[in-house]
file upload16.txt (compact mmCIF, C-alpha atoms)
# COMPACT_ATOMS: atom_id res chain seq x y z
CA MET Y 1 112.16 129.09 75.69
CA ALA Y 2 112.31 125.70 73.97
CA LYS Y 3 114.65 123.05 75.33
CA ALA Y 4 117.85 122.45 73.41
CA ALA Y 5 117.93 118.71 74.12
CA THR Y 6 116.24 115.85 75.90
CA ARG Y 7 116.46 116.42 79.64
CA ILE Y 8 117.06 113.55 82.08
CA LEU Y 9 116.94 113.81 85.87
CA MET Y 10 119.36 111.51 87.72
CA ALA Y 11 118.08 110.72 91.22
CA ALA Y 12 121.05 109.26 93.10
CA SER Y 13 122.19 110.14 96.59
CA GLY Y 14 124.17 109.21 99.65
CA THR Y 15 126.72 106.53 98.83
CA GLY Y 16 129.16 105.66 96.07
CA GLY Y 17 127.09 102.54 95.40
CA HIS Y 18 124.22 104.78 94.32
CA LEU Y 19 126.23 107.62 92.79
CA PHE Y 20 128.92 105.91 90.70
CA PRO Y 21 126.53 103.88 88.51
CA ALA Y 22 124.43 106.98 87.85
CA LEU Y 23 127.52 109.03 87.00
CA ALA Y 24 128.75 106.31 84.63
CA VAL Y 25 125.41 106.35 82.78
CA ALA Y 26 125.33 110.16 82.71
CA GLU Y 27 128.73 110.19 80.99
CA LYS Y 28 127.24 108.13 78.13
CA LEU Y 29 124.34 110.53 77.58
CA THR Y 30 126.32 113.37 76.02
CA ASP Y 31 123.44 114.15 73.66
CA CYS Y 32 121.10 114.85 76.62
CA GLU Y 33 120.90 117.53 79.29
CA ILE Y 34 121.53 115.89 82.65
CA GLU Y 35 120.23 117.30 85.93
CA TRP Y 36 120.71 115.78 89.38
CA LEU Y 37 118.34 115.15 92.27
CA GLY Y 38 119.94 114.63 95.66
CA VAL Y 39 119.89 115.62 99.32
CA ARG Y 40 121.83 118.45 100.91
CA ASP Y 41 125.10 117.63 102.68
CA ARG Y 42 125.37 114.14 101.21
CA LEU Y 43 128.16 112.62 99.12
CA GLU Y 44 126.71 113.91 95.84
CA THR Y 45 127.71 117.41 96.91
CA ASP Y 46 131.34 116.41 96.34
CA LEU Y 47 131.02 113.77 93.61
CA VAL Y 48 128.53 115.17 91.11
CA PRO Y 49 130.30 117.46 88.59
CA ASN Y 50 129.23 121.08 88.40
CA GLN Y 51 128.28 120.60 84.76
CA TYR Y 52 125.07 118.95 85.96
CA ARG Y 53 122.43 121.26 87.40
CA ARG Y 54 121.67 120.06 90.93
CA HIS Y 55 118.44 120.00 92.91
CA ALA Y 56 118.06 119.07 96.58
CA VAL Y 57 115.01 117.67 98.35
CA THR Y 58 114.40 116.75 101.98
CA ALA Y 59 113.90 112.99 101.57
CA LYS Y 60 114.75 110.69 104.48
CA GLY Y 61 114.22 107.03 105.23
CA LEU Y 62 111.38 105.88 107.46
CA GLN Y 63 113.55 104.33 110.16
CA GLY Y 64 113.64 105.42 113.82
CA ASN Y 65 111.15 105.67 116.65
CA PRO Y 66 107.47 106.46 115.93
CA LEU Y 67 107.96 110.23 116.16
CA GLN Y 68 110.98 110.10 113.86
CA LYS Y 69 109.07 107.94 111.40
CA LEU Y 70 106.21 110.44 111.40
CA ALA Y 71 108.58 113.38 110.86
CA ASN Y 72 110.47 111.55 108.13
CA GLY Y 73 107.19 110.53 106.51
CA LEU Y 74 106.12 114.17 106.34
CA GLN Y 75 109.48 115.07 104.84
CA LEU Y 76 109.05 112.30 102.28
CA LEU Y 77 105.65 113.71 101.36
CA ALA Y 78 107.19 117.15 100.99
CA SER Y 79 109.98 115.74 98.82
CA ILE Y 80 107.41 114.21 96.45
CA PHE Y 81 105.86 117.62 95.88
CA GLN Y 82 109.31 119.23 95.57
CA THR Y 83 110.29 116.67 92.93
CA TYR Y 84 106.96 117.04 91.15
CA LYS Y 85 107.60 120.77 90.84
CA ILE Y 86 111.17 120.24 89.59
CA LEU Y 87 109.95 117.83 86.91
CA GLY Y 88 107.48 120.40 85.66
CA ASP Y 89 109.61 123.50 85.97
CA ARG Y 90 112.63 121.89 84.29
CA GLN Y 91 110.58 120.05 81.64
CA ILE Y 92 112.20 116.72 82.51
CA ASP Y 93 111.62 113.98 79.91
CA LEU Y 94 112.80 110.96 81.92
CA VAL Y 95 113.95 110.09 85.44
CA PHE Y 96 116.72 107.59 86.16
CA THR Y 97 117.24 106.54 89.79
CA THR Y 98 119.60 104.10 91.44
CA GLY Y 99 117.52 103.33 94.52
CA GLY Y 100 117.77 104.37 98.13
CA TYR Y 101 115.29 106.71 99.75
CA ILE Y 102 115.75 109.39 97.04
CA ALA Y 103 114.12 106.91 94.65
CA ALA Y 104 110.74 107.14 96.42
CA PRO Y 105 109.96 110.78 95.57
CA ALA Y 106 111.58 110.34 92.16
CA ILE Y 107 109.36 107.39 91.22
CA LEU Y 108 106.14 108.76 92.69
CA ALA Y 109 106.55 112.27 91.27
CA ALA Y 110 107.41 110.89 87.82
CA ARG Y 111 104.35 108.66 88.01
CA LEU Y 112 102.18 111.67 88.86
CA ARG Y 113 103.73 113.60 85.96
CA ARG Y 114 103.26 110.58 83.66
CA ILE Y 115 106.84 110.64 82.50
CA PRO Y 116 109.06 107.53 82.24
CA VAL Y 117 111.06 106.55 85.30
CA ILE Y 118 113.76 103.86 85.16
CA LEU Y 119 115.04 102.33 88.40
CA HIS Y 120 118.39 100.57 88.72
CA GLU Y 121 119.02 97.98 91.45
CA SER Y 122 122.58 96.77 92.01
CA ASN Y 123 122.11 94.27 94.87
CA VAL Y 124 120.78 90.72 94.55
CA LEU Y 125 118.11 91.49 97.14
CA PRO Y 126 116.47 94.73 95.99
CA GLY Y 127 116.19 97.47 98.58
CA LYS Y 128 112.93 98.17 100.34
CA VAL Y 129 112.07 101.13 98.10
CA THR Y 130 112.71 99.04 94.99
CA ARG Y 131 110.55 96.17 96.26
CA LEU Y 132 107.76 98.54 97.27
CA LEU Y 133 107.74 100.92 94.31
CA GLY Y 134 109.47 99.02 91.51
CA GLN Y 135 106.10 98.05 90.05
CA TYR Y 136 105.37 101.75 89.45
CA ALA Y 137 108.58 102.31 87.48
CA THR Y 138 108.56 102.03 83.72
CA ALA Y 139 111.23 99.35 84.16
CA VAL Y 140 113.70 98.10 86.77
CA ILE Y 141 117.22 97.41 85.52
CA VAL Y 142 118.92 94.78 87.68
CA GLY Y 143 122.62 94.22 88.18
CA PHE Y 144 122.09 90.52 89.01
CA GLN Y 145 119.75 88.26 87.07
CA GLU Y 146 118.74 86.69 90.41
CA SER Y 147 117.09 89.96 91.51
CA ALA Y 148 114.10 89.49 89.21
CA GLN Y 149 112.56 86.85 91.51
CA TYR Y 150 112.12 89.48 94.23
CA LEU Y 151 110.26 91.86 91.88
CA PRO Y 152 107.36 89.78 90.50
CA LYS Y 153 105.20 92.82 89.69
CA ALA Y 154 107.92 94.90 88.04
CA LYS Y 155 109.20 94.83 84.48
CA THR Y 156 112.85 93.83 84.92
CA ILE Y 157 115.75 93.79 82.51
CA HIS Y 158 119.25 92.52 83.29
CA LEU Y 159 121.84 95.05 82.10
CA GLY Y 160 124.43 94.83 84.88
CA THR Y 161 125.79 97.62 87.06
CA PRO Y 162 127.95 100.36 85.52
CA VAL Y 163 131.45 101.02 86.82
CA ARG Y 164 133.61 104.11 86.66
CA ALA Y 165 135.49 104.56 83.37
CA GLU Y 166 138.92 103.97 84.93
CA PHE Y 167 138.06 100.31 85.55
CA LEU Y 168 137.67 99.65 81.83
CA THR Y 169 141.29 100.35 80.83
CA PRO Y 170 144.65 99.44 82.42
CA GLN Y 171 145.62 102.03 85.03
CA PRO Y 172 149.12 102.92 86.24
CA LEU Y 173 149.81 101.94 89.83
CA GLU Y 174 151.46 104.83 91.63
CA LEU Y 175 152.40 102.82 94.72
CA ASP Y 176 155.93 101.48 94.81
CA LEU Y 177 155.31 97.74 95.16
CA PRO Y 178 157.81 94.98 94.34
CA GLY Y 179 156.89 93.38 91.02
CA ASP Y 180 158.21 89.94 91.96
CA ARG Y 181 155.86 89.36 94.92
CA PRO Y 182 152.17 88.43 94.70
CA LEU Y 183 149.89 91.16 96.04
CA ILE Y 184 147.16 90.71 98.65
CA LEU Y 185 144.70 93.61 98.79
CA ALA Y 186 142.52 93.83 101.90
CA MET Y 187 139.69 96.35 101.97
CA GLY Y 188 136.49 96.82 103.95
CA GLY Y 189 134.46 99.21 101.81
CA SER Y 190 134.29 103.00 101.92
CA GLN Y 191 133.95 103.11 105.70
CA GLY Y 192 136.52 100.43 106.40
CA ALA Y 193 135.87 97.30 108.43
CA VAL Y 194 137.41 96.90 111.86
CA GLY Y 195 136.56 93.18 111.99
CA ILE Y 196 138.42 92.49 108.74
CA ASN Y 197 141.29 94.76 109.80
CA GLN Y 198 141.87 92.81 113.01
CA LEU Y 199 141.93 89.51 111.14
CA VAL Y 200 144.29 90.80 108.45
CA ARG Y 201 146.81 92.06 111.00
CA GLN Y 202 146.78 88.68 112.72
CA CYS Y 203 147.38 86.89 109.42
CA ALA Y 204 149.80 89.32 107.77
CA GLY Y 205 153.01 87.89 109.22
CA ARG Y 206 152.39 84.46 107.72
CA TRP Y 207 151.48 85.90 104.32
CA LEU Y 208 154.62 88.03 104.27
CA GLU Y 209 156.72 84.97 105.17
CA ALA Y 210 155.15 83.21 102.17
CA GLY Y 211 156.53 85.93 99.90
CA ALA Y 212 153.50 88.20 99.41
CA SER Y 213 153.09 91.96 99.61
CA ILE Y 214 150.04 93.39 101.37
CA VAL Y 215 148.13 96.60 100.78
CA HIS Y 216 145.69 97.04 103.64
CA ILE Y 217 143.00 99.73 103.26
CA THR Y 218 141.76 100.22 106.80
CA GLY Y 219 139.21 103.03 106.56
CA LYS Y 220 139.50 106.15 108.67
CA ASN Y 221 138.00 104.84 111.92
CA ASP Y 222 140.27 101.96 112.90
CA PRO Y 223 141.65 102.49 116.43
CA ASP Y 224 144.41 99.90 115.95
CA VAL Y 225 146.09 101.37 112.88
CA GLY Y 226 149.86 101.20 113.22
CA GLN Y 227 149.93 98.30 115.66
CA PHE Y 228 151.37 96.01 112.98
CA GLN Y 229 154.25 97.20 110.83
CA ALA Y 230 156.50 95.25 108.52
CA GLU Y 231 158.38 95.43 105.25
CA ASN Y 232 156.08 94.85 102.23
CA TYR Y 233 153.02 95.67 104.36
CA LEU Y 234 151.43 99.00 103.42
CA THR Y 235 148.47 100.44 105.28
CA LEU Y 236 146.30 103.24 103.87
CA PRO Y 237 143.13 104.80 105.32
CA PHE Y 238 141.48 105.29 101.93
CA VAL Y 239 142.27 104.97 98.23
CA GLU Y 240 140.20 107.17 95.92
CA ASN Y 241 141.16 105.32 92.74
CA ILE Y 242 141.03 101.64 93.61
CA ALA Y 243 141.10 100.41 89.99
CA PRO Y 244 144.91 100.08 89.65
CA LEU Y 245 145.15 98.06 92.87
CA LEU Y 246 142.34 95.70 91.88
CA GLN Y 247 143.97 95.24 88.48
CA ARG Y 248 147.32 94.44 90.08
CA ALA Y 249 146.14 92.28 93.02
CA ASP Y 250 146.46 88.51 92.98
CA VAL Y 251 143.98 88.02 95.86
CA VAL Y 252 141.46 90.46 97.32
CA ILE Y 253 139.85 90.28 100.76
CA SER Y 254 136.67 92.35 100.64
CA ARG Y 255 133.17 93.02 101.85
CA SER Y 256 130.48 92.13 99.31
CA GLY Y 257 128.67 95.34 98.55
CA ALA Y 258 127.33 95.48 95.00
CA SER Y 259 129.84 98.11 93.84
CA ALA Y 260 132.86 96.14 95.04
CA LEU Y 261 131.58 92.96 93.41
CA THR Y 262 130.87 94.70 90.12
CA GLU Y 263 134.39 96.11 90.10
CA LEU Y 264 135.82 92.63 90.70
CA THR Y 265 133.97 91.31 87.63
CA ILE Y 266 135.66 93.95 85.49
CA THR Y 267 139.18 93.55 86.91
CA LYS Y 268 138.73 89.74 87.02
CA THR Y 269 140.32 89.52 90.45
CA PRO Y 270 140.00 86.42 92.66
CA ALA Y 271 138.50 87.37 96.01
CA ILE Y 272 137.61 86.12 99.45
CA LEU Y 273 134.30 87.77 100.34
CA ILE Y 274 133.47 88.54 103.96
CA PRO Y 275 129.93 89.98 103.95
CA TYR Y 276 129.18 92.78 106.39
CA PRO Y 277 127.12 90.87 108.97
CA TYR Y 278 124.95 93.87 109.93
CA ALA Y 279 124.01 95.00 106.42
CA ALA Y 280 120.30 95.67 105.91
CA GLU Y 281 118.45 92.36 105.54
CA ASP Y 282 121.87 90.67 105.27
CA HIS Y 283 121.95 91.65 101.59
CA GLN Y 284 125.74 91.40 101.35
CA THR Y 285 125.55 87.68 102.12
CA LEU Y 286 123.06 87.20 99.28
CA ASN Y 287 125.42 89.06 96.94
CA ALA Y 288 128.36 86.87 97.97
CA GLN Y 289 126.31 83.68 97.68
CA VAL Y 290 125.68 84.38 93.99
CA PHE Y 291 129.42 84.70 93.41
CA ALA Y 292 130.10 81.54 95.41
CA LYS Y 293 127.42 79.65 93.46
CA HIS Y 294 129.19 80.53 90.21
CA GLU Y 295 132.61 79.71 91.76
CA ALA Y 296 133.54 83.34 91.12
CA ALA Y 297 134.82 83.96 94.67
CA LEU Y 298 135.26 82.28 98.04
CA LEU Y 299 132.62 83.08 100.67
CA ALA Y 300 133.82 83.46 104.25
CA PRO Y 301 131.15 84.49 106.80
CA GLN Y 302 132.80 86.69 109.43
CA ALA Y 303 131.32 84.74 112.36
CA GLU Y 304 133.03 81.57 111.12
CA LEU Y 305 136.44 83.08 110.34
CA THR Y 306 139.51 82.69 112.48
CA PRO Y 307 143.01 84.00 111.79
CA GLU Y 308 144.03 80.42 111.02
CA SER Y 309 141.24 79.80 108.52
CA LEU Y 310 141.71 83.13 106.73
CA THR Y 311 145.47 82.55 106.58
CA ALA Y 312 144.89 79.15 105.00
CA MET Y 313 142.33 80.46 102.47
CA VAL Y 314 144.66 83.16 101.20
CA LEU Y 315 147.70 80.87 101.04
CA GLY Y 316 145.57 78.27 99.27
CA LEU Y 317 144.89 80.78 96.50
CA LEU Y 318 148.43 82.13 96.34
CA GLU Y 319 149.85 78.64 96.01
CA ALA Y 320 147.37 77.54 93.32
CA PRO Y 321 147.67 79.68 90.17
CA GLY Y 322 145.29 77.36 88.34
CA LYS Y 323 142.58 77.92 90.94
CA ARG Y 324 143.04 81.69 90.71
CA GLU Y 325 142.76 81.52 86.93
CA ALA Y 326 139.53 79.52 87.17
CA ILE Y 327 138.01 82.01 89.63
CA ALA Y 328 139.14 84.91 87.43
CA ALA Y 329 137.38 83.38 84.42
CA ASN Y 330 134.20 82.75 86.41
CA VAL Y 331 134.07 86.24 87.92
CA ALA Y 332 134.66 87.80 84.48
CA ALA Y 333 131.69 85.80 83.14
CA LEU Y 334 129.45 87.64 85.63
CA GLY Y 335 130.57 91.05 84.42
CA MET Y 336 129.04 93.46 81.94
CA PRO Y 337 131.76 95.92 80.95
CA GLU Y 338 129.35 97.71 78.60
CA SER Y 339 126.63 98.14 81.23
CA ALA Y 340 126.68 101.95 81.12
CA GLU Y 341 126.34 101.97 77.33
CA LYS Y 342 123.53 99.42 77.44
CA ILE Y 343 121.61 101.38 80.07
CA ALA Y 344 122.09 104.65 78.16
CA TYR Y 345 120.77 102.94 75.02
CA PHE Y 346 117.78 101.59 76.99
CA LEU Y 347 116.99 105.10 78.25
CA ARG Y 348 117.12 106.47 74.72
CA THR Y 349 114.90 103.61 73.51
CA THR Y 350 112.41 104.38 76.28
CA LEU Y 351 112.29 107.95 75.01
CA ARG Y 352 112.28 106.75 71.39
CA LEU Y 353 115.25 108.99 70.60
call {"tool": "encode", "arguments": {"input": "upload16.txt", "output": "structure tokens"}}
result
Amino acid sequence: MAKAATRILMAASGTGGHLFPALAVAEKLTDCEIEWLGVRDRLETDLVPNQYRRHAVTAKGLQGNPLQKLANGLQLLASIFQTYKILGDRQIDLVFTTGGYIAAPAILAARLRRIPVILHESNVLPGKVTRLLGQYATAVIVGFQESAQYLPKAKTIHLGTPVRAEFLTPQPLELDLPGDRPLILAMGGSQGAVGINQLVRQCAGRWLEAGASIVHITGKNDPDVGQFQAENYLTLPFVENIAPLLQRADVVISRSGASALTELTITKTPAILIPYPYAAEDHQTLNAQVFAKHEAALLAPQAELTPESLTAMVLGLLEAPGKREAIAANVAALGMPESAEKIAYFLRTTLRL
């Protein structure tokens, strides 16, 4: 039976940083049939809508001891053949992948099938798979212009990183927060950040005295939740729709994963960035350094922070509206609100649709 439309395989797995950009692009490809390549029992099981046909392979990273690396390498080899078969059986016209270890079988199988494969990289320092296999992709779309220097053999194009649709329009804030107090939003990423949480609790009293409200997203694994309680201090383990809070916040305290930074460029929110010190190859610091270079955020390495210094940084922003406005303008200049549309157009151009 002939296909009804162009068929694109989205290879995105594991984390929101990989999944949300792919989902945003998929939503712009309404004239195409979208199918999804992932791994069983990962986040895509919950996030990818049922309207997209899903396929699962056994891909894993090559970390671990020698025996684990050997076993994972064999699984990777198997996943290449699994993906190769899916591409043929489903008559896939193009593969779009957002990196991570699912990208390896996606790129290699597409190469073997001689069909276009587009790779998206959201971090300043491309991941290991991107650096190793990016040269075999038809093109690598980068979220940061600075990423191109790490991919000398790949064809790169700077089209930004897509965000979820809710970030692009004003969203109602369902939390009951006083409108006459500036809002500090502290968050540590999808898993939370105990180091940031401890600092925020030590600083919160002074910020509240200065007239601010605080929304503190702690993550679900903080053993000290509840130790600090006060009026105008709200603690939450997780917020599924963060867009309204970022739009409302006057100052954000955040890790510097690519997704969080991209969202800040769209909501134009001044931020103090505390990179996760144990991120692979310290890539969060490189992300934050780009923002600091453009005066689009303040960079605060966790090892150098004290409660006193973080207190002063936040109060310095709250007490200087002009400085916040300048940071907001600079962070907005780094954003690409139409990234999803631009990437979808690039995919269509690649297919000559």
call {"tool": "residues_near_point", "arguments": {"input": "upload16.txt", "point": "(150.3, 96.2, 93.0)", "cutoff": "12 Å", "atoms": "all atoms listed in the file", "output": "PDB file with C-alpha atoms, keeping the file's coordinate frame"}}
result
ATOM      1  CA  GLN Y 171     145.620 102.030  85.030  1.00  0.00           C
ATOM      2  CA  PRO Y 172     149.120 102.920  86.240  1.00  0.00           C
ATOM      3  CA  LEU Y 173     149.810 101.940  89.830  1.00  0.00           C
ATOM      4  CA  GLU Y 174     151.460 104.830  91.630  1.00  0.00           C
ATOM      5  CA  LEU Y 175     152.400 102.820  94.720  1.00  0.00           C
ATOM      6  CA  ASP Y 176     155.930 101.480  94.810  1.00  0.00           C
ATOM      7  CA  LEU Y 177     155.310  97.740  95.160  1.00  0.00           C
ATOM      8  CA  PRO Y 178     157.810  94.980  94.340  1.00  0.00           C
ATOM      9  CA  GLY Y 179     156.890  93.380  91.020  1.00  0.00           C
ATOM     10  CA  ASP Y 180     158.210  89.940  91.960  1.00  0.00           C
ATOM     11  CA  ARG Y 181     155.860  89.360  94.920  1.00  0.00           C
ATOM     12  CA  PRO Y 182     152.170  88.430  94.700  1.00  0.00           C
ATOM     13  CA  LEU Y 183     149.890  91.160  96.040  1.00  0.00           C
ATOM     14  CA  ILE Y 184     147.160  90.710  98.650  1.00  0.00           C
ATOM     15  CA  LEU Y 185     144.700  93.610  98.790  1.00  0.00           C
ATOM     16  CA  ALA Y 212     153.500  88.200  99.410  1.00  0.00           C
ATOM     17  CA  SER Y 213     153.090  91.960  99.610  1.00  0.00           C
ATOM     18  CA  ILE Y 214     150.040  93.390 101.370  1.00  0.00           C
ATOM     19  CA  VAL Y 215     148.130  96.600 100.780  1.00  0.00           C
ATOM     20  CA  HIS Y 216     145.690  97.040 103.640  1.00  0.00           C
ATOM     21  CA  ASN Y 232     156.080  94.850 102.230  1.00  0.00           C
ATOM     22  CA  TYR Y 233     153.020  95.670 104.360  1.00  0.00           C
ATOM     23  CA  LEU Y 234     151.430  99.000 103.420  1.00  0.00           C
ATOM     24  CA  ILE Y 242     141.030 101.640  93.610  1.00  0.00           C
ATOM     25  CA  ALA Y 243     141.100 100.410  89.990  1.00  0.00           C
ATOM     26  CA  PRO Y 244     144.910 100.080  89.650  1.00  0.00           C
ATOM     27  CA  LEU Y 245     145.150  98.060  92.870  1.00  0.00           C
ATOM     28  CA  LEU Y 246     142.340  95.700  91.880  1.00  0.00           C
ATOM     29  CA  GLN Y 247     143.970  95.240  88.480  1.00  0.00           C
ATOM     30  CA  ARG Y 248     147.320  94.440  90.080  1.00  0.00           C
ATOM     31  CA  ALA Y 249     146.140  92.280  93.020  1.00  0.00           C
ATOM     32  CA  ASP Y 250     146.460  88.510  92.980  1.00  0.00           C
ATOM     33  CA  VAL Y 251     143.980  88.020  95.860  1.00  0.00           C
ATOM     34  CA  VAL Y 252     141.460  90.460  97.320  1.00  0.00           C
TER      35      VAL Y 252
END
call {"tool": "closest_atom_pairs", "arguments": {"input": "upload16.txt", "of": "range 282-340 of chain Y", "to": "range 141-153 of chain Y", "cutoff": "12 Å", "atoms": "all atoms listed in the file", "output": "tab-separated table"}}
result
residue	atom	partner	partner_atom	distance
Y:His283	CA	Y:Ser147	CA	11.3
Y:Leu286	CA	Y:Glu146	CA	9.9
Y:Asn287	CA	Y:Phe144	CA	8.7
Y:Ala288	CA	Y:Phe144	CA	11.5
Y:Gln289	CA	Y:Glu146	CA	10.9
Y:Val290	CA	Y:Glu146	CA	8.1
Y:Phe291	CA	Y:Phe144	CA	10.3
Y:Lys293	CA	Y:Glu146	CA	11.6
Y:Leu334	CA	Y:Phe144	CA	8.6
Y:Gly335	CA	Y:Gly143	CA	9.3
Y:Met336	CA	Y:Gly143	CA	9.0
Y:Pro337	CA	Y:Gly143	CA	11.8
Y:Ser339	CA	Y:Gly143	CA	8.9
Y:Ala340	CA	Y:Gly143	CA	11.2
call {"tool": "atom_distance", "arguments": {"input": "upload16.txt", "atom1": "CA of Tyr101 in chain Y", "atom2": "CA of Ala139 in chain Y"}}
result
17.7 Å
call {"tool": "atom_distance", "arguments": {"input": "upload16.txt", "atom1": "CA of Leu108 in chain Y", "atom2": "CA of Ala137 in chain Y"}}
result
8.6 Å
call {"tool": "residues_around", "arguments": {"input": "upload16.txt", "residues": "Ile217 in chain Y", "least_positions_apart": "3", "cutoff": "8 Å", "atoms": "all atoms listed in the file", "output": "list in words"}}
result
Leu185, Ala186, Met187, Gly188, Gly192, Thr235, Leu236, Pro237, Phe238 and Val239 of chain Y
call {"tool": "atom_distance", "arguments": {"input": "upload16.txt", "atom1": "CA of Ala296 in chain Y", "atom2": "CA of Asn330 in chain Y"}}
result
4.8 Å
call {"tool": "closest_residue", "arguments": {"input": "upload16.txt", "among": "Y:Gly160, Y:Pro277, Y:Val48, Y:Arg7", "to": "Asp89 in chain Y", "atoms": "all atoms listed in the file"}}
result
Y:Arg7
call {"tool": "residues_around", "arguments": {"input": "upload16.txt", "residues": "Gly16 in chain Y", "least_positions_apart": "6", "cutoff": "9 Å", "atoms": "only C-alpha atoms", "output": "mmCIF file with C-alpha atoms, keeping the file's coordinate frame"}}
result
data_model
loop_
_atom_site.group_PDB
_atom_site.id
_atom_site.type_symbol
_atom_site.label_atom_id
_atom_site.label_comp_id
_atom_site.auth_asym_id
_atom_site.auth_seq_id
_atom_site.Cartn_x
_atom_site.Cartn_y
_atom_site.Cartn_z
ATOM 1 C CA LEU Y 43 128.160 112.620 99.120
ATOM 2 C CA GLU Y 44 126.710 113.910 95.840
ATOM 3 C CA LEU Y 47 131.020 113.770 93.610
ATOM 4 C CA SER Y 190 134.290 103.000 101.920
ATOM 5 C CA SER Y 259 129.840 98.110 93.840
#
call {"tool": "closest_residue", "arguments": {"input": "upload16.txt", "among": "Y:Glu295, Y:Glu121, Y:Glu263, Y:Asp93", "to": "Ala12 in chain Y", "atoms": "all atoms listed in the file"}}
result
Y:Glu121
call {"tool": "residues_around", "arguments": {"input": "upload16.txt", "residues": "Glu281 in chain Y", "least_positions_apart": "5", "cutoff": "12 Å", "atoms": "all atoms listed in the file", "output": "list in words"}}
result
Asn123, Val124, Leu125, Pro126, Gly127, Lys128, Pro275, Tyr276, Leu286 and Asn287 of chain Y
call {"tool": "decode", "arguments": {"input": "upload16.txt", "residues": "range 168-182 of chain Y", "atoms": "C-alpha atoms", "output": "short mmCIF file (atom, residue, chain, number, x, y, z; two decimals), in the first residue's frame"}}
result
data_model
loop_
_atom_site.label_atom_id
_atom_site.label_comp_id
_atom_site.auth_asym_id
_atom_site.auth_seq_id
_atom_site.Cartn_x
_atom_site.Cartn_y
_atom_site.Cartn_z
CA LEU Y 168 5.20 31.33 23.38
CA THR Y 169 2.01 32.92 24.77
CA PRO Y 170 1.14 34.42 28.18
CA GLN Y 171 -0.03 31.70 30.56
CA PRO Y 172 -2.33 32.08 33.58
CA LEU Y 173 -0.61 31.50 36.91
CA GLU Y 174 -2.75 29.23 39.05
CA LEU Y 175 -0.74 29.78 42.24
CA ASP Y 176 -2.10 32.38 44.62
CA LEU Y 177 0.84 34.78 44.87
CA PRO Y 178 0.67 38.42 46.03
CA GLY Y 179 0.86 40.72 43.04
CA ASP Y 180 2.63 43.53 44.91
CA ARG Y 181 5.76 41.53 45.83
CA PRO Y 182 8.62 40.65 43.47
#
